[in-house]
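J.: If it helps, the file is called upload.cif and holds mmCIF, C-alpha atoms:
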data_model
#
loop_
_atom_site.label_atom_id
_atom_site.label_comp_id
_atom_site.auth_asym_id
_atom_site.auth_seq_id
_atom_site.Cartn_x
_atom_site.Cartn_y
_atom_site.Cartn_z
CA MET A 1 0.00 0.00 0.00
CA LYS A 2 1.26 3.50 -0.91
CA LYS A 3 2.55 5.60 2.01
CA TYR A 4 1.47 9.24 2.18
CA PRO A 5 3.21 11.99 4.18
CA ASN A 6 1.71 13.04 7.53
CA VAL A 7 0.44 16.61 7.09
CA THR A 8 -1.05 17.02 10.59
CA GLU A 9 1.70 19.46 11.58
CA LEU A 10 1.18 21.51 8.39
CA PHE A 11 -2.52 21.90 9.12
CA ARG A 12 -1.75 22.78 12.74
CA GLN A 13 0.65 25.51 11.59
CA LYS A 14 -1.98 26.79 9.15
CA ALA A 15 -4.52 27.06 11.99
CA GLN A 16 -1.93 28.86 14.14
CA ARG A 17 -1.29 31.34 11.34
CA ARG A 18 -5.00 32.10 11.06
CA LYS A 19 -5.11 32.71 14.83
CA ARG A 20 -2.10 35.07 14.52
CA LEU A 21 -3.85 36.97 11.73
CA ALA A 22 -6.96 37.29 13.88
CA ARG A 23 -4.82 38.93 16.61
CA LEU A 24 -3.61 41.74 14.30
CA SER A 25 -4.99 45.22 14.95
CA PHE A 26 -8.03 46.40 12.95
CA GLU A 27 -5.76 48.76 10.99
CA GLU A 28 -3.29 45.97 10.15
CA LYS A 29 -6.10 43.67 9.01
CA ILE A 30 -7.59 46.38 6.76
CA ALA A 31 -4.10 46.94 5.31
CA VAL A 32 -4.04 43.21 4.39
CA VAL A 33 -7.50 43.52 2.82
CA ASN A 34 -6.40 46.60 0.85
CA LYS A 35 -3.49 44.60 -0.60
CA TRP A 36 -5.95 41.87 -1.67
CA ARG A 37 -8.32 44.45 -3.17
CA LYS A 38 -5.44 45.92 -5.22
CA LEU A 39 -4.49 42.43 -6.38
CA THR A 40 -8.10 41.58 -7.29
CA ARG A 41 -8.38 44.81 -9.32
CA SER A 42 -5.20 44.03 -11.27
CA ILE A 43 -6.34 40.45 -11.94
CA ARG A 44 -9.71 41.73 -13.20
CA LYS A 45 -7.91 44.25 -15.41
CA SER A 46 -5.73 41.51 -16.96
CA GLN A 47 -8.78 39.29 -17.43
CA SER A 48 -10.72 41.99 -19.29
CA ALA A 49 -7.61 42.86 -21.35
CA ALA A 50 -7.26 39.19 -22.29
CA LYS A 51 -10.94 39.06 -23.35
CA SER A 52 -10.79 42.27 -25.49
CA PRO A 53 -10.68 41.63 -29.24
CA VAL A 54 -7.41 42.57 -30.94
CA THR A 55 -7.87 45.56 -33.28
CA ARG A 56 -5.69 45.74 -36.36
CA MET B 1 -10.48 53.60 5.17
CA GLU B 2 -9.93 56.41 7.69
CA LYS B 3 -11.00 59.07 5.17
CA THR B 4 -14.10 57.02 4.36
CA LEU B 5 -15.02 56.84 8.05
CA ARG B 6 -14.54 60.60 8.44
CA VAL B 7 -17.08 61.18 5.66
CA LEU B 8 -19.55 58.86 7.41
CA ASN B 9 -19.07 60.74 10.69
CA ARG B 10 -19.64 64.00 8.84
CA MET B 11 -22.93 62.58 7.49
CA VAL B 12 -24.06 62.00 11.09
CA LYS B 13 -22.89 65.47 12.17
CA ASP B 14 -24.74 67.07 9.23
CA GLY B 15 -27.93 65.13 10.05
CA VAL B 16 -28.00 63.12 6.82
CA ILE B 17 -28.14 59.87 8.82
CA GLU B 18 -28.97 59.46 12.50
CA GLN B 19 -26.41 56.87 13.49
CA TYR B 20 -24.48 54.20 11.68
CA ALA B 21 -22.49 51.04 12.37
CA ILE B 22 -20.15 48.99 10.23
CA GLY B 23 -21.50 45.52 9.44
CA GLY B 24 -20.70 42.79 6.96
CA ALA B 25 -17.23 41.56 6.18
CA VAL B 26 -15.36 44.63 7.46
CA ALA B 27 -17.07 44.29 10.85
CA ALA B 28 -16.23 40.58 10.87
CA ILE B 29 -12.58 41.45 10.17
CA PHE B 30 -12.52 43.38 13.46
CA TYR B 31 -13.10 40.08 15.30
CA ILE B 32 -11.55 37.33 13.17
CA GLU B 33 -8.86 36.95 10.51
CA PRO B 34 -8.81 39.29 7.47
CA ILE B 35 -11.41 38.41 4.83
CA ASN B 36 -11.23 39.50 1.20
CA THR B 37 -14.04 41.95 0.59
CA ASN B 38 -14.72 44.70 -1.88
CA ASP B 39 -17.21 46.85 -0.05
CA LEU B 40 -18.01 48.46 3.27
CA ASP B 41 -21.51 47.70 4.57
CA ILE B 42 -22.95 50.53 6.60
CA PHE B 43 -26.19 50.01 8.53
CA PHE B 44 -27.92 53.23 9.42
CA HIS B 45 -31.05 54.41 11.23
CA VAL B 46 -33.71 55.92 9.05
CA LYS B 47 -35.14 59.19 10.32
CA GLU B 48 -38.81 58.81 11.36
CA SER B 49 -39.75 61.64 9.01
CA SER B 50 -38.32 59.70 6.04
CA ALA B 51 -40.68 56.73 6.44
CA GLY B 52 -42.38 55.92 3.13
CA LEU B 53 -40.14 58.26 1.13
CA ASP B 54 -37.08 57.38 -0.93
CA ILE B 55 -34.80 57.01 2.06
CA MET B 56 -31.64 56.74 0.01
CA ALA B 57 -32.21 59.92 -2.02
CA PRO B 58 -30.96 62.39 0.65
CA LEU B 59 -27.81 60.29 1.15
CA TYR B 60 -27.01 60.12 -2.55
CA LYS B 61 -27.74 63.84 -2.98
CA TYR B 62 -25.44 64.77 -0.07
CA LEU B 63 -22.62 62.49 -1.23
CA SER B 64 -22.98 63.58 -4.84
CA GLY B 65 -22.63 67.16 -3.58
CA LEU B 66 -19.30 66.18 -2.04
CA GLY B 67 -18.20 64.68 -5.36
CA TYR B 68 -18.67 60.98 -4.60
CA LYS B 69 -20.01 58.93 -7.46
CA GLY B 70 -22.19 55.80 -7.44
CA GLN B 71 -20.61 52.49 -8.44
CA ARG B 72 -23.66 50.34 -9.23
CA GLU B 73 -25.33 49.74 -5.84
CA ALA B 74 -22.49 51.27 -3.81
CA ILE B 75 -20.96 54.75 -3.60
CA ASP B 76 -17.20 55.11 -3.87
CA ILE B 77 -16.15 57.15 -0.85
CA GLU B 78 -12.41 57.75 -0.65
CA GLY B 79 -11.55 54.48 -2.39
CA TRP B 80 -14.05 52.22 -0.62
CA PRO B 81 -17.36 51.23 -2.26
CA VAL B 82 -19.87 51.88 0.52
CA GLN B 83 -23.14 49.98 0.57
CA PHE B 84 -25.67 51.86 2.70
CA LEU B 85 -28.27 49.58 4.28
CA PRO B 86 -31.15 51.07 6.27
CA VAL B 87 -32.12 49.23 9.46
CA PHE B 88 -35.03 47.03 8.37
CA ASN B 89 -35.85 44.84 11.32
CA ALA B 90 -35.69 44.67 15.12
CA LEU B 91 -32.43 42.68 15.17
CA LEU B 92 -30.61 45.27 13.07
CA GLU B 93 -32.11 48.08 15.13
CA GLU B 94 -30.77 46.53 18.32
CA ALA B 95 -27.44 45.76 16.65
CA VAL B 96 -26.88 49.34 15.48
CA GLU B 97 -27.96 50.76 18.86
CA GLN B 98 -25.56 48.50 20.74
CA ALA B 99 -22.64 48.75 18.29
CA ARG B 100 -19.26 49.21 19.90
CA GLU B 101 -17.35 52.41 19.48
CA VAL B 102 -13.83 51.77 18.21
CA ARG B 103 -11.04 53.79 16.70
CA PHE B 104 -9.57 53.31 13.26
CA GLN B 105 -6.26 55.14 13.44
CA ARG B 106 -7.38 58.53 14.81
CA THR B 107 -11.03 58.32 13.79
CA LYS B 108 -13.91 57.06 15.92
CA THR B 109 -16.38 54.71 14.33
CA ARG B 110 -18.92 52.05 15.33
CA VAL B 111 -18.79 48.33 14.63
CA LEU B 112 -21.57 45.81 15.18
CA GLN B 113 -20.85 43.51 18.10
CA ALA B 114 -19.65 39.97 17.26
CA GLU B 115 -22.79 38.34 18.66
CA HIS B 116 -25.09 40.59 16.61
CA LEU B 117 -23.05 39.85 13.48
CA VAL B 118 -23.50 36.12 14.04
CA ALA B 119 -27.24 36.54 14.67
CA ILE B 120 -27.63 38.62 11.51
CA MET B 121 -25.69 36.05 9.48
CA LEU B 122 -27.87 33.26 10.88
CA GLN B 123 -30.98 35.26 10.01
CA THR B 124 -29.72 36.00 6.46
CA GLY B 125 -28.71 32.36 6.03
CA ARG B 126 -26.66 32.34 2.81
CA LEU B 127 -23.98 29.65 2.44
CA LYS B 128 -21.26 32.25 2.94
CA ASP B 129 -22.96 33.44 6.12
CA HIS B 130 -22.77 29.93 7.54
CA ALA B 131 -19.10 29.69 6.56
CA ARG B 132 -18.44 32.96 8.34
CA ILE B 133 -20.36 31.88 11.46
CA ALA B 134 -18.04 28.86 11.53
CA GLN B 135 -15.03 31.23 11.45
CA PHE B 136 -16.42 33.21 14.39
CA MET B 137 -16.92 30.00 16.40
CA GLU B 138 -13.49 28.71 15.41
CA HIS B 139 -11.83 31.90 16.61
CA GLU B 140 -13.97 31.85 19.79
CA ALA B 141 -14.97 35.39 18.93
CA VAL B 142 -18.45 35.28 20.48
CA ASP B 143 -19.75 35.27 24.03
CA GLN B 144 -22.14 32.34 23.82
CA LYS B 145 -24.37 33.53 26.67
CA ARG B 146 -24.76 36.94 25.01
CA LEU B 147 -25.40 35.27 21.65
CA ALA B 148 -28.05 33.00 23.19
CA GLY B 149 -29.80 36.09 24.60
CA ILE B 150 -29.83 37.83 21.21
CA LEU B 151 -31.01 34.70 19.38
CA GLY B 152 -33.76 34.23 21.98
CA ARG B 153 -35.00 37.83 21.70
CA HIS B 154 -35.21 37.57 17.92
CA GLY B 155 -36.69 34.08 17.54
CA LEU B 156 -33.52 32.46 16.19
CA ILE B 157 -32.73 29.80 18.81
CA LYS B 158 -34.53 27.01 16.97
CA LYS B 159 -32.80 27.92 13.68
CA TRP B 160 -29.41 27.79 15.41
CA GLU B 161 -30.10 24.44 17.08
CA THR B 162 -31.53 22.93 13.88
CA LEU B 163 -28.62 24.07 11.70
CA TYR B 164 -25.78 23.45 14.07
CA ARG B 165 -27.24 20.61 16.15
CA ARG B 166 -25.74 22.14 19.23
CA LYS B 167 -26.95 24.14 22.16
CA LEU B 168 -25.18 27.32 23.17
CA LYS B 169 -23.46 27.20 26.58
#
Just dump the structure as structure tokens.
T.:
Amino acid sequence: MKKYPNVTELFRQKAQRRKRLARLSFEEKIAVVNKWRKLTRSIRKSQSAAKSPVTR
Amino acid sequence: MEKTLRVLNRMVKDGVIEQYAIGGAVAAIFYIEPINTNDLDIFFHVKESSAGLDIMAPLYKYLSGLGYKGQREAIDIEGWPVQFLPVFNALLEEAVEQAREVRFQRTKTRVLQAEHLVAIMLQTGRLKDHARIAQFMEHEAVDQKRLAGILGRHGLIKKWETLYRRKLK
């Protein structure tokens, strides 16, 4: 039978990270959200640029 | 965000809205981990005299006068699309009244309490609301006794127990 790696510790660390993020100040959390919003806007921009027909 | 909040406070000072509180994802962020969101939900009390009229018109007129433009259902105020939501039931009324006053940098604002947020999400009942309730419980962000009181006052205990098959402590 195939042996798979034990990822328990990875999931535990992931949960710890989420708890650390929850302990950030309101301002720090909004700063994180603002970074995501900027990223989302640039992804949407690239997506609409990719969909636009090429004009010759 | 701070500039956006200053505009909201100015709206209260100028009598455009009576009182407001931040709800939705941004309020949730105050209590749990950051969540990706694109807008700022603002619950506000409707003036008694506005009942039956277009309650949003005075807000849009005031904000348009300050140069803020609509972005579909939201208004872009200093870089944040703000979704104004009038209080439309007893739970929201209580939630806005009992919102906690907090500071964002140097600006005062009001955020719905964690327990009210959970009750509102339970009442709204979309799949993403249930996912977010789970995050609140995971982060132990609610006082279960307080939550039980709110759910009881607003007829939501049975819904909670049915959905989550657990009693609150």
J.: Find the nearest atom pair between each residue of chain B and chain A for residues within 6 Å, count only C-alpha atoms, give distances in Å to one decimal, sort rows by chain and ascending number, and present the table as a tab-separated table.
T.:
residue	atom	partner	partner_atom	distance
B:Phe30	CA	A:Phe26	CA	5.4
B:Ile32	CA	A:Ala22	CA	4.6
B:Glu33	CA	A:Ala22	CA	3.9
B:Pro34	CA	A:Lys29	CA	5.4
B:Asn36	CA	A:Val33	CA	5.7
J.: In Å to one decimal, how far is atom CA of A:Gln16 from atom CA of B:Asp41?
T.: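 So the two atoms, atom CA of B:Asp41 and atom CA of A:Gln16, lie 28.8 Å apart.
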J.: Determine, counting only C-alpha atoms, which protein, DNA and RNA residues have an atom within 12 Å of an atom of stretch 56-65 of chain B; residues of the same chain fewer than 3 positions away are not included. Present the result as an NGL selection string.
T.: :B and (4 or 7-8 or 10-12 or 14-18 or 44-47 or 50-53 or 68-71 or 73-78 or 82-86)
J.: Extract, using all atoms listed in the file, all DNA, RNA and protein residues at most 9 Å from stretch 153-165 of chain B, discarding same-chain residues fewer than 4 positions from it, and format them as a PyMOL selection string.
T.: chain B and resi 90-91+119+122-123+148-149
J.: Just the number, please: distance in Å from atom CA of B:Glu140 to atom CA of B:Phe43, one decimal.
T.: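 Taking atom CA of B:Glu140 and atom CA of B:Phe43, their separation equals 24.6 Å.
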J.: Please report the interatomic distance between atom CA of B:Gly125 and atom CA of B:Glu101 in Å with one decimal.
T.: 26.7 Å
J.: Leaving out stretch 79-81 of chain B and any residue of its chain fewer than 6 positions from it, which residues lie within 7 Å of it when counting all atoms listed in the file, given as a PDB file with C-alpha atoms, in the coordinates of the input?
T.:
ATOM      1  CA  MET B   1     -10.480  53.600   5.170  1.00  0.00           C
ATOM      2  CA  THR B   4     -14.100  57.020   4.360  1.00  0.00           C
ATOM      3  CA  ASP B  39     -17.210  46.850  -0.050  1.00  0.00           C
ATOM      4  CA  LEU B  40     -18.010  48.460   3.270  1.00  0.00           C
TER       5      LEU B  40
END
J.: Take every atom of stretch 26-41 of chain B listed in the file, fit an axis-aligned box around them, add 5 Å per side, and give the centre and edge lengths in Å to one decimal as JSON.
T.:
{"center_x": -15.2, "center_y": 42.7, "center_z": 6.7, "size_x": 22.7, "size_y": 21.5, "size_z": 27.2}
J.: Pull out every residue that the PyMOL selection byres ((chain B and resi 129-132) around 10) matches in the shown coordinates and put them as a PyMOL selection string.
T.: chain B and resi 24-25+28+32+35+117-118+120-128+133-138+163-164
J.: Take the selection from the previous step and output its residues with C-alpha atoms, as a short mmCIF file (atom, residue, chain, number, x, y, z; two decimals), in the frame of the given file.
T.:
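The result, stored in part00.cif:
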data_model
loop_
_atom_site.label_atom_id
_atom_site.label_comp_id
_atom_site.auth_asym_id
_atom_site.auth_seq_id
_atom_site.Cartn_x
_atom_site.Cartn_y
_atom_site.Cartn_z
CA GLY B 24 -20.70 42.79 6.96
CA ALA B 25 -17.23 41.56 6.18
CA ALA B 28 -16.23 40.58 10.87
CA ILE B 32 -11.55 37.33 13.17
CA ILE B 35 -11.41 38.41 4.83
CA LEU B 117 -23.05 39.85 13.48
CA VAL B 118 -23.50 36.12 14.04
CA ILE B 120 -27.63 38.62 11.51
CA MET B 121 -25.69 36.05 9.48
CA LEU B 122 -27.87 33.26 10.88
CA GLN B 123 -30.98 35.26 10.01
CA THR B 124 -29.72 36.00 6.46
CA GLY B 125 -28.71 32.36 6.03
CA ARG B 126 -26.66 32.34 2.81
CA LEU B 127 -23.98 29.65 2.44
CA LYS B 128 -21.26 32.25 2.94
CA ILE B 133 -20.36 31.88 11.46
CA ALA B 134 -18.04 28.86 11.53
CA GLN B 135 -15.03 31.23 11.45
CA PHE B 136 -16.42 33.21 14.39
CA MET B 137 -16.92 30.00 16.40
CA GLU B 138 -13.49 28.71 15.41
CA LEU B 163 -28.62 24.07 11.70
CA TYR B 164 -25.78 23.45 14.07
#
